[in-house]
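Participant: Handing you a structure now.
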Amino acid sequence: MRKAFQMFDTAKSGFIDTLKISTILNTMGQLFDDSELNELIEEVDPDATGKVNFDGFCEIAAHFLEEDDAEAMQEELKEAFRLYDREGNGYITTATLREILAALDDKLGPEDLDGIIAEIDTDGSGTVDFDEFMEMMTGE
């Protein structure tokens with residue numbers, strides 16, 4: 001969860017916008033109810049600052065996480081990765097990843113996407129292998 005939080009804390013302020021929480025949960029493959037999510041955000045951010053710290057994020061995310069289906073999630077992520085790795089090279093390009101992230105959340109702007117891509121593609125290769133993809137999607 002920390003890695004997922006850090007990817008979206010592009011300013012490295014220790015806080016993320018509450019609007020990004022749904023994106024992170026989607027990225028992690030978590031199903032959630034919008035009204036339930038909004039109630040949890042209100043509890044963690046009672047002053048409606050629009051930001052939460054890591055502990056607040058964990059409190060919200062833990063509500064939706066299901067630990068026992070980790071294997072099923074890995075299989076789903078492998079399948080999703082295979083769909084985008086059409087040539088079977090074992091990697092996808094960061095351009096493809098950008099499209100995936102933009103499709104998951106239309107609120108992500110170019111700077112957000114650049115920050116996320118920079119976090120994932122640490123070696124600057126322009127590609128993301130399955131392990132990097134899995135780490136991004138699960139935070140593990």
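Following the order of the structure tokens, first chain is A, next is B, and so on, with residues numbered from 1 inside each chain and ligands from 1 in the order they appear.
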Name the residues of range 32-86 of chain A that fall into alpha helix (DSSP H) according to DSSP on the backbone, using the chain letters and numbers of this document, as a ChimeraX atom specification.
Facilitator: /A:34-44,54-64,70-84
Participant: Excluding Ala4 in chain A and its own-chain neighbours fewer than 2 positions away, which residues fall within 10 Å of it when counting only C-alpha atoms? Please give them as a PyMOL selection string.
Facilitator: chain A and resi 1-2+6-9+21+24-25+27-28+116+119+135-140
Participant: Would you output that residue set with N, CA and C atoms, as a PDB file, in the first residue's frame?
Facilitator:
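Output contents, as saved in out_24.pdb:
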```pdb
ATOM      1  N   MET A   1       0.832  -1.195   0.000  1.00  0.00           N
ATOM      2  CA  MET A   1       0.000   0.000   0.000  1.00  0.00           C
ATOM      3  C   MET A   1       0.872   1.253   0.000  1.00  0.00           C
ATOM      4  N   ARG A   2       2.020   1.151   0.685  1.00  0.00           N
ATOM      5  CA  ARG A   2       2.896   2.331   0.739  1.00  0.00           C
ATOM      6  C   ARG A   2       3.359   2.723  -0.663  1.00  0.00           C
ATOM      7  N   GLN A   6       2.807   6.204  -2.454  1.00  0.00           N
ATOM      8  CA  GLN A   6       3.941   7.021  -2.901  1.00  0.00           C
ATOM      9  C   GLN A   6       3.864   7.352  -4.383  1.00  0.00           C
ATOM     10  N   MET A   7       3.339   6.411  -5.172  1.00  0.00           N
ATOM     11  CA  MET A   7       3.222   6.682  -6.607  1.00  0.00           C
ATOM     12  C   MET A   7       2.299   7.862  -6.876  1.00  0.00           C
ATOM     13  N   PHE A   8       1.260   8.000  -6.052  1.00  0.00           N
ATOM     14  CA  PHE A   8       0.294   9.067  -6.270  1.00  0.00           C
ATOM     15  C   PHE A   8       0.626  10.317  -5.473  1.00  0.00           C
ATOM     16  N   ASP A   9       1.594  10.236  -4.566  1.00  0.00           N
ATOM     17  CA  ASP A   9       2.078  11.409  -3.830  1.00  0.00           C
ATOM     18  C   ASP A   9       3.227  11.991  -4.648  1.00  0.00           C
ATOM     19  N   ILE A  21      -7.932   8.431  -4.410  1.00  0.00           N
ATOM     20  CA  ILE A  21      -8.087   7.160  -3.699  1.00  0.00           C
ATOM     21  C   ILE A  21      -8.829   6.138  -4.554  1.00  0.00           C
ATOM     22  N   ILE A  24      -6.416   4.676  -7.002  1.00  0.00           N
ATOM     23  CA  ILE A  24      -5.480   3.734  -6.389  1.00  0.00           C
ATOM     24  C   ILE A  24      -6.180   2.396  -6.147  1.00  0.00           C
ATOM     25  N   LEU A  25      -7.396   2.446  -5.626  1.00  0.00           N
ATOM     26  CA  LEU A  25      -8.138   1.203  -5.376  1.00  0.00           C
ATOM     27  C   LEU A  25      -8.390   0.463  -6.686  1.00  0.00           C
ATOM     28  N   THR A  27      -6.517   0.663  -9.376  1.00  0.00           N
ATOM     29  CA  THR A  27      -5.210   0.184  -9.806  1.00  0.00           C
ATOM     30  C   THR A  27      -4.828  -1.086  -9.064  1.00  0.00           C
ATOM     31  N   MET A  28      -5.222  -1.152  -7.788  1.00  0.00           N
ATOM     32  CA  MET A  28      -4.920  -2.327  -6.972  1.00  0.00           C
ATOM     33  C   MET A  28      -5.924  -3.460  -7.230  1.00  0.00           C
ATOM     34  N   ILE A 116       3.832   8.886 -12.094  1.00  0.00           N
ATOM     35  CA  ILE A 116       3.588   7.462 -11.876  1.00  0.00           C
ATOM     36  C   ILE A 116       4.548   6.628 -12.730  1.00  0.00           C
ATOM     37  N   GLU A 119       8.019   6.640 -11.357  1.00  0.00           N
ATOM     38  CA  GLU A 119       8.132   5.754 -10.181  1.00  0.00           C
ATOM     39  C   GLU A 119       8.301   4.296 -10.599  1.00  0.00           C
ATOM     40  N   GLU A 135       4.092  -5.162  -9.030  1.00  0.00           N
ATOM     41  CA  GLU A 135       4.437  -4.308  -7.887  1.00  0.00           C
ATOM     42  C   GLU A 135       3.608  -3.035  -7.902  1.00  0.00           C
ATOM     43  N   MET A 136       3.425  -2.460  -9.089  1.00  0.00           N
ATOM     44  CA  MET A 136       2.637  -1.243  -9.191  1.00  0.00           C
ATOM     45  C   MET A 136       1.178  -1.506  -8.826  1.00  0.00           C
ATOM     46  N   MET A 137       0.644  -2.616  -9.316  1.00  0.00           N
ATOM     47  CA  MET A 137      -0.765  -2.897  -9.116  1.00  0.00           C
ATOM     48  C   MET A 137      -1.091  -3.355  -7.696  1.00  0.00           C
ATOM     49  N   THR A 138      -0.133  -4.004  -7.029  1.00  0.00           N
ATOM     50  CA  THR A 138      -0.417  -4.536  -5.694  1.00  0.00           C
ATOM     51  C   THR A 138       0.319  -3.798  -4.590  1.00  0.00           C
ATOM     52  N   GLY A 139       1.348  -3.043  -4.946  1.00  0.00           N
ATOM     53  CA  GLY A 139       2.144  -2.357  -3.934  1.00  0.00           C
ATOM     54  C   GLY A 139       3.056  -3.299  -3.171  1.00  0.00           C
ATOM     55  N   GLU A 140       3.284  -4.488  -3.701  1.00  0.00           N
ATOM     56  CA  GLU A 140       4.159  -5.471  -3.010  1.00  0.00           C
ATOM     57  C   GLU A 140       5.441  -5.680  -3.775  1.00  0.00           C
TER      58      GLU A 140
END
```
Participant: From the options A:Asp131, A:Asp121, A:Asp45, A:Glu79, which residue's atoms come nearest to Phe15 in chain A, counting only C-alpha atoms?
Facilitator: A:Asp45
Participant: Counting only C-alpha atoms, which of A:Phe5, A:Phe32, A:Phe81, A:Tyr91 gets nearest to His63 in chain A?
Facilitator: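 For His63 in chain A, the nearest of the candidates is A:Phe32.
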Participant: Do you know which residues are at most 12 Å from Leu108 in chain A counting only C-alpha atoms, after dropping those on the same chain fewer than 4 positions away, and could you put them as a PDB file with all heavy atoms, in the first residue's frame?
Facilitator:
```pdb
ATOM      1  N   PHE A   8       1.260   8.000  -6.052  1.00  0.00           N
ATOM      2  CA  PHE A   8       0.294   9.067  -6.270  1.00  0.00           C
ATOM      3  C   PHE A   8       0.626  10.317  -5.473  1.00  0.00           C
ATOM      4  O   PHE A   8       0.015  11.366  -5.675  1.00  0.00           O
ATOM      5  CB  PHE A   8      -1.128   8.579  -5.972  1.00  0.00           C
ATOM      6  CG  PHE A   8      -1.640   7.659  -7.050  1.00  0.00           C
ATOM      7  CD1 PHE A   8      -1.345   6.311  -7.034  1.00  0.00           C
ATOM      8  CD2 PHE A   8      -2.380   8.166  -8.104  1.00  0.00           C
ATOM      9  CE1 PHE A   8      -1.789   5.469  -8.036  1.00  0.00           C
ATOM     10  CE2 PHE A   8      -2.831   7.336  -9.118  1.00  0.00           C
ATOM     11  CZ  PHE A   8      -2.540   5.980  -9.082  1.00  0.00           C
ATOM     12  N   THR A  10       2.893  12.480  -5.840  1.00  0.00           N
ATOM     13  CA  THR A  10       3.930  12.917  -6.782  1.00  0.00           C
ATOM     14  C   THR A  10       4.723  14.110  -6.254  1.00  0.00           C
ATOM     15  O   THR A  10       5.866  14.299  -6.624  1.00  0.00           O
ATOM     16  CB  THR A  10       3.328  13.250  -8.163  1.00  0.00           C
ATOM     17  OG1 THR A  10       2.227  14.145  -7.978  1.00  0.00           O
ATOM     18  CG2 THR A  10       2.838  11.987  -8.858  1.00  0.00           C
ATOM     19  N   ASP A  17      -4.346  13.505  -2.729  1.00  0.00           N
ATOM     20  CA  ASP A  17      -5.694  14.038  -2.879  1.00  0.00           C
ATOM     21  C   ASP A  17      -6.685  12.909  -2.661  1.00  0.00           C
ATOM     22  O   ASP A  17      -6.494  11.798  -3.158  1.00  0.00           O
ATOM     23  CB  ASP A  17      -5.907  14.609  -4.291  1.00  0.00           C
ATOM     24  CG  ASP A  17      -5.021  15.809  -4.575  1.00  0.00           C
ATOM     25  OD1 ASP A  17      -4.596  16.470  -3.613  1.00  0.00           O
ATOM     26  OD2 ASP A  17      -4.764  16.072  -5.763  1.00  0.00           O
ATOM     27  N   LEU A  19      -9.373  12.575  -4.045  1.00  0.00           N
ATOM     28  CA  LEU A  19      -9.921  12.206  -5.353  1.00  0.00           C
ATOM     29  C   LEU A  19      -9.142  11.049  -5.987  1.00  0.00           C
ATOM     30  O   LEU A  19      -9.672  10.314  -6.814  1.00  0.00           O
ATOM     31  CB  LEU A  19      -9.880  13.399  -6.315  1.00  0.00           C
ATOM     32  CG  LEU A  19     -10.768  14.593  -5.964  1.00  0.00           C
ATOM     33  CD1 LEU A  19     -10.491  15.759  -6.907  1.00  0.00           C
ATOM     34  CD2 LEU A  19     -12.236  14.189  -6.034  1.00  0.00           C
ATOM     35  N   LYS A  20      -7.870  10.890  -5.595  1.00  0.00           N
ATOM     36  CA  LYS A  20      -7.033   9.849  -6.190  1.00  0.00           C
ATOM     37  C   LYS A  20      -7.240   8.482  -5.548  1.00  0.00           C
ATOM     38  O   LYS A  20      -6.763   7.480  -6.067  1.00  0.00           O
ATOM     39  CB  LYS A  20      -5.555  10.242  -6.091  1.00  0.00           C
ATOM     40  CG  LYS A  20      -5.193  11.437  -6.957  1.00  0.00           C
ATOM     41  CD  LYS A  20      -3.731  11.750  -6.858  1.00  0.00           C
ATOM     42  CE  LYS A  20      -3.360  12.947  -7.734  1.00  0.00           C
ATOM     43  NZ  LYS A  20      -1.960  13.315  -7.574  1.00  0.00           N
ATOM     44  N   ILE A  21      -7.932   8.431  -4.410  1.00  0.00           N
ATOM     45  CA  ILE A  21      -8.087   7.160  -3.699  1.00  0.00           C
ATOM     46  C   ILE A  21      -8.829   6.138  -4.554  1.00  0.00           C
ATOM     47  O   ILE A  21      -8.439   4.974  -4.612  1.00  0.00           O
ATOM     48  CB  ILE A  21      -8.768   7.366  -2.328  1.00  0.00           C
ATOM     49  CG1 ILE A  21      -7.835   8.194  -1.431  1.00  0.00           C
ATOM     50  CG2 ILE A  21      -9.100   6.026  -1.683  1.00  0.00           C
ATOM     51  CD1 ILE A  21      -8.441   8.612  -0.114  1.00  0.00           C
ATOM     52  N   SER A  22      -9.865   6.568  -5.252  1.00  0.00           N
ATOM     53  CA  SER A  22     -10.602   5.615  -6.094  1.00  0.00           C
ATOM     54  C   SER A  22      -9.694   5.067  -7.194  1.00  0.00           C
ATOM     55  O   SER A  22      -9.762   3.887  -7.533  1.00  0.00           O
ATOM     56  CB  SER A  22     -11.864   6.246  -6.684  1.00  0.00           C
ATOM     57  OG  SER A  22     -11.535   7.315  -7.530  1.00  0.00           O
ATOM     58  N   THR A  23      -8.817   5.915  -7.738  1.00  0.00           N
ATOM     59  CA  THR A  23      -7.869   5.472  -8.765  1.00  0.00           C
ATOM     60  C   THR A  23      -6.928   4.419  -8.204  1.00  0.00           C
ATOM     61  O   THR A  23      -6.673   3.396  -8.844  1.00  0.00           O
ATOM     62  CB  THR A  23      -7.021   6.665  -9.268  1.00  0.00           C
ATOM     63  OG1 THR A  23      -7.892   7.675  -9.724  1.00  0.00           O
ATOM     64  CG2 THR A  23      -6.080   6.240 -10.372  1.00  0.00           C
ATOM     65  N   ILE A  24      -6.416   4.676  -7.002  1.00  0.00           N
ATOM     66  CA  ILE A  24      -5.480   3.734  -6.389  1.00  0.00           C
ATOM     67  C   ILE A  24      -6.180   2.396  -6.147  1.00  0.00           C
ATOM     68  O   ILE A  24      -5.627   1.339  -6.444  1.00  0.00           O
ATOM     69  CB  ILE A  24      -4.903   4.296  -5.072  1.00  0.00           C
ATOM     70  CG1 ILE A  24      -4.074   5.552  -5.365  1.00  0.00           C
ATOM     71  CG2 ILE A  24      -4.042   3.251  -4.373  1.00  0.00           C
ATOM     72  CD1 ILE A  24      -3.643   6.305  -4.125  1.00  0.00           C
ATOM     73  N   ARG A  98       0.781   4.099 -19.763  1.00  0.00           N
ATOM     74  CA  ARG A  98       0.146   5.424 -19.648  1.00  0.00           C
ATOM     75  C   ARG A  98      -1.311   5.344 -20.105  1.00  0.00           C
ATOM     76  O   ARG A  98      -2.201   5.886 -19.460  1.00  0.00           O
ATOM     77  CB  ARG A  98       0.926   6.437 -20.490  1.00  0.00           C
ATOM     78  CG  ARG A  98       0.327   7.817 -20.549  1.00  0.00           C
ATOM     79  CD  ARG A  98       1.144   8.711 -21.458  1.00  0.00           C
ATOM     80  NE  ARG A  98       2.430   9.023 -20.885  1.00  0.00           N
ATOM     81  CZ  ARG A  98       2.645  10.046 -20.057  1.00  0.00           C
ATOM     82  NH1 ARG A  98       1.664  10.851 -19.759  1.00  0.00           N
ATOM     83  NH2 ARG A  98       3.829  10.278 -19.562  1.00  0.00           N
ATOM     84  N   GLU A  99      -1.557   4.636 -21.222  1.00  0.00           N
ATOM     85  CA  GLU A  99      -2.923   4.472 -21.730  1.00  0.00           C
ATOM     86  C   GLU A  99      -3.795   3.714 -20.730  1.00  0.00           C
ATOM     87  O   GLU A  99      -4.946   4.066 -20.512  1.00  0.00           O
ATOM     88  CB  GLU A  99      -2.919   3.716 -23.065  1.00  0.00           C
ATOM     89  CG  GLU A  99      -2.339   4.499 -24.214  1.00  0.00           C
ATOM     90  CD  GLU A  99      -2.147   3.620 -25.456  1.00  0.00           C
ATOM     91  OE1 GLU A  99      -2.818   2.578 -25.581  1.00  0.00           O
ATOM     92  OE2 GLU A  99      -1.319   4.003 -26.301  1.00  0.00           O
ATOM     93  N   ILE A 100      -3.217   2.655 -20.129  1.00  0.00           N
ATOM     94  CA  ILE A 100      -3.959   1.857 -19.142  1.00  0.00           C
ATOM     95  C   ILE A 100      -4.348   2.738 -17.955  1.00  0.00           C
ATOM     96  O   ILE A 100      -5.503   2.752 -17.530  1.00  0.00           O
ATOM     97  CB  ILE A 100      -3.121   0.655 -18.652  1.00  0.00           C
ATOM     98  CG1 ILE A 100      -2.837  -0.317 -19.800  1.00  0.00           C
ATOM     99  CG2 ILE A 100      -3.820  -0.053 -17.497  1.00  0.00           C
ATOM    100  CD1 ILE A 100      -1.789  -1.367 -19.474  1.00  0.00           C
ATOM    101  N   LEU A 101      -3.373   3.474 -17.417  1.00  0.00           N
ATOM    102  CA  LEU A 101      -3.636   4.322 -16.248  1.00  0.00           C
ATOM    103  C   LEU A 101      -4.647   5.416 -16.574  1.00  0.00           C
ATOM    104  O   LEU A 101      -5.534   5.704 -15.767  1.00  0.00           O
ATOM    105  CB  LEU A 101      -2.332   4.934 -15.734  1.00  0.00           C
ATOM    106  CG  LEU A 101      -1.337   3.947 -15.124  1.00  0.00           C
ATOM    107  CD1 LEU A 101      -0.003   4.621 -14.878  1.00  0.00           C
ATOM    108  CD2 LEU A 101      -1.889   3.343 -13.849  1.00  0.00           C
ATOM    109  N   ALA A 102      -4.520   6.013 -17.751  1.00  0.00           N
ATOM    110  CA  ALA A 102      -5.458   7.068 -18.156  1.00  0.00           C
ATOM    111  C   ALA A 102      -6.868   6.496 -18.285  1.00  0.00           C
ATOM    112  O   ALA A 102      -7.846   7.151 -17.918  1.00  0.00           O
ATOM    113  CB  ALA A 102      -5.002   7.707 -19.469  1.00  0.00           C
ATOM    114  N   ALA A 103      -6.965   5.256 -18.781  1.00  0.00           N
ATOM    115  CA  ALA A 103      -8.277   4.617 -18.917  1.00  0.00           C
ATOM    116  C   ALA A 103      -8.870   4.277 -17.548  1.00  0.00           C
ATOM    117  O   ALA A 103     -10.081   4.358 -17.352  1.00  0.00           O
ATOM    118  CB  ALA A 103      -8.167   3.354 -19.767  1.00  0.00           C
ATOM    119  N   LEU A 104      -8.005   3.912 -16.591  1.00  0.00           N
ATOM    120  CA  LEU A 104      -8.478   3.590 -15.240  1.00  0.00           C
ATOM    121  C   LEU A 104      -9.010   4.823 -14.527  1.00  0.00           C
ATOM    122  O   LEU A 104      -9.929   4.729 -13.732  1.00  0.00           O
ATOM    123  CB  LEU A 104      -7.347   2.989 -14.398  1.00  0.00           C
ATOM    124  CG  LEU A 104      -7.013   1.529 -14.637  1.00  0.00           C
ATOM    125  CD1 LEU A 104      -5.769   1.140 -13.866  1.00  0.00           C
ATOM    126  CD2 LEU A 104      -8.174   0.631 -14.257  1.00  0.00           C
ATOM    127  N   ASP A 112       0.562  13.884 -13.494  1.00  0.00           N
ATOM    128  CA  ASP A 112       0.316  12.721 -12.636  1.00  0.00           C
ATOM    129  C   ASP A 112       0.843  11.467 -13.316  1.00  0.00           C
ATOM    130  O   ASP A 112       1.528  10.652 -12.694  1.00  0.00           O
ATOM    131  CB  ASP A 112      -1.182  12.546 -12.348  1.00  0.00           C
ATOM    132  CG  ASP A 112      -1.770  13.680 -11.537  1.00  0.00           C
ATOM    133  OD1 ASP A 112      -1.085  14.163 -10.616  1.00  0.00           O
ATOM    134  OD2 ASP A 112      -2.911  14.079 -11.834  1.00  0.00           O
ATOM    135  N   LEU A 113       0.508  11.325 -14.602  1.00  0.00           N
ATOM    136  CA  LEU A 113       0.939  10.143 -15.357  1.00  0.00           C
ATOM    137  C   LEU A 113       2.464  10.089 -15.448  1.00  0.00           C
ATOM    138  O   LEU A 113       3.060   9.028 -15.262  1.00  0.00           O
ATOM    139  CB  LEU A 113       0.310  10.135 -16.751  1.00  0.00           C
ATOM    140  CG  LEU A 113      -1.211   9.911 -16.764  1.00  0.00           C
ATOM    141  CD1 LEU A 113      -1.781  10.212 -18.140  1.00  0.00           C
ATOM    142  CD2 LEU A 113      -1.559   8.502 -16.338  1.00  0.00           C
ATOM    143  N   ASP A 114       3.099  11.245 -15.699  1.00  0.00           N
ATOM    144  CA  ASP A 114       4.566  11.290 -15.765  1.00  0.00           C
ATOM    145  C   ASP A 114       5.182  10.829 -14.446  1.00  0.00           C
ATOM    146  O   ASP A 114       6.141  10.058 -14.429  1.00  0.00           O
ATOM    147  CB  ASP A 114       5.067  12.708 -16.084  1.00  0.00           C
ATOM    148  CG  ASP A 114       4.771  13.124 -17.523  1.00  0.00           C
ATOM    149  OD1 ASP A 114       4.492  12.236 -18.359  1.00  0.00           O
ATOM    150  OD2 ASP A 114       4.828  14.337 -17.800  1.00  0.00           O
ATOM    151  N   GLY A 115       4.602  11.298 -13.328  1.00  0.00           N
ATOM    152  CA  GLY A 115       5.113  10.931 -12.013  1.00  0.00           C
ATOM    153  C   GLY A 115       4.981   9.447 -11.734  1.00  0.00           C
ATOM    154  O   GLY A 115       5.900   8.808 -11.218  1.00  0.00           O
ATOM    155  N   ILE A 116       3.832   8.886 -12.094  1.00  0.00           N
ATOM    156  CA  ILE A 116       3.588   7.462 -11.876  1.00  0.00           C
ATOM    157  C   ILE A 116       4.548   6.628 -12.730  1.00  0.00           C
ATOM    158  O   ILE A 116       5.174   5.686 -12.254  1.00  0.00           O
ATOM    159  CB  ILE A 116       2.118   7.098 -12.190  1.00  0.00           C
ATOM    160  CG1 ILE A 116       1.193   7.788 -11.183  1.00  0.00           C
ATOM    161  CG2 ILE A 116       1.910   5.590 -12.166  1.00  0.00           C
ATOM    162  CD1 ILE A 116      -0.272   7.771 -11.591  1.00  0.00           C
TER     163      ILE A 116
END
```
Participant: Compile the contact shell of range 52-58 of chain A as a PyMOL selection string: residues with an atom at most 6 Å away, counting only C-alpha atoms, same-chain residues fewer than 4 positions apart removed.
Facilitator: chain A and resi 14-16+44+62
Participant: Distance CA of Gly88 in chain A-CA of Gln74 in chain A, one decimal place?
Facilitator: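 Between CA of Gly88 in chain A and CA of Gln74 in chain A the gap is 17.8 Å.
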Participant: Mind checking which residues fall within 8 Å of Tyr84 in chain A, counting only C-alpha atoms, ignoring those fewer than 4 positions away in the same chain, and posting them as a list in words?
Facilitator: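 Here the answer would be Ala80, Ile92 and Thr96 of chain A.
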Participant: Filtering to all heavy atoms, could you give me those residues as a PDB file, in the first residue's frame?
Facilitator:
```pdb
ATOM      1  N   ALA A  80      -4.260  -9.717 -17.442  1.00  0.00           N
ATOM      2  CA  ALA A  80      -4.325  -8.324 -17.909  1.00  0.00           C
ATOM      3  C   ALA A  80      -3.010  -7.939 -18.581  1.00  0.00           C
ATOM      4  O   ALA A  80      -3.002  -7.304 -19.642  1.00  0.00           O
ATOM      5  CB  ALA A  80      -4.617  -7.385 -16.738  1.00  0.00           C
ATOM      6  N   ILE A  92       5.667  -4.461 -21.301  1.00  0.00           N
ATOM      7  CA  ILE A  92       4.835  -3.505 -22.034  1.00  0.00           C
ATOM      8  C   ILE A  92       5.566  -2.174 -22.012  1.00  0.00           C
ATOM      9  O   ILE A  92       6.389  -1.926 -21.128  1.00  0.00           O
ATOM     10  CB  ILE A  92       3.416  -3.368 -21.417  1.00  0.00           C
ATOM     11  CG1 ILE A  92       3.483  -2.962 -19.943  1.00  0.00           C
ATOM     12  CG2 ILE A  92       2.619  -4.636 -21.589  1.00  0.00           C
ATOM     13  CD1 ILE A  92       2.121  -2.696 -19.306  1.00  0.00           C
ATOM     14  N   THR A  96       2.121   2.330 -23.361  1.00  0.00           N
ATOM     15  CA  THR A  96       0.956   1.466 -23.161  1.00  0.00           C
ATOM     16  C   THR A  96       0.455   1.584 -21.729  1.00  0.00           C
ATOM     17  O   THR A  96      -0.747   1.699 -21.486  1.00  0.00           O
ATOM     18  CB  THR A  96       1.317  -0.008 -23.475  1.00  0.00           C
ATOM     19  OG1 THR A  96       1.735  -0.090 -24.837  1.00  0.00           O
ATOM     20  CG2 THR A  96       0.139  -0.927 -23.253  1.00  0.00           C
TER      21      THR A  96
END
```
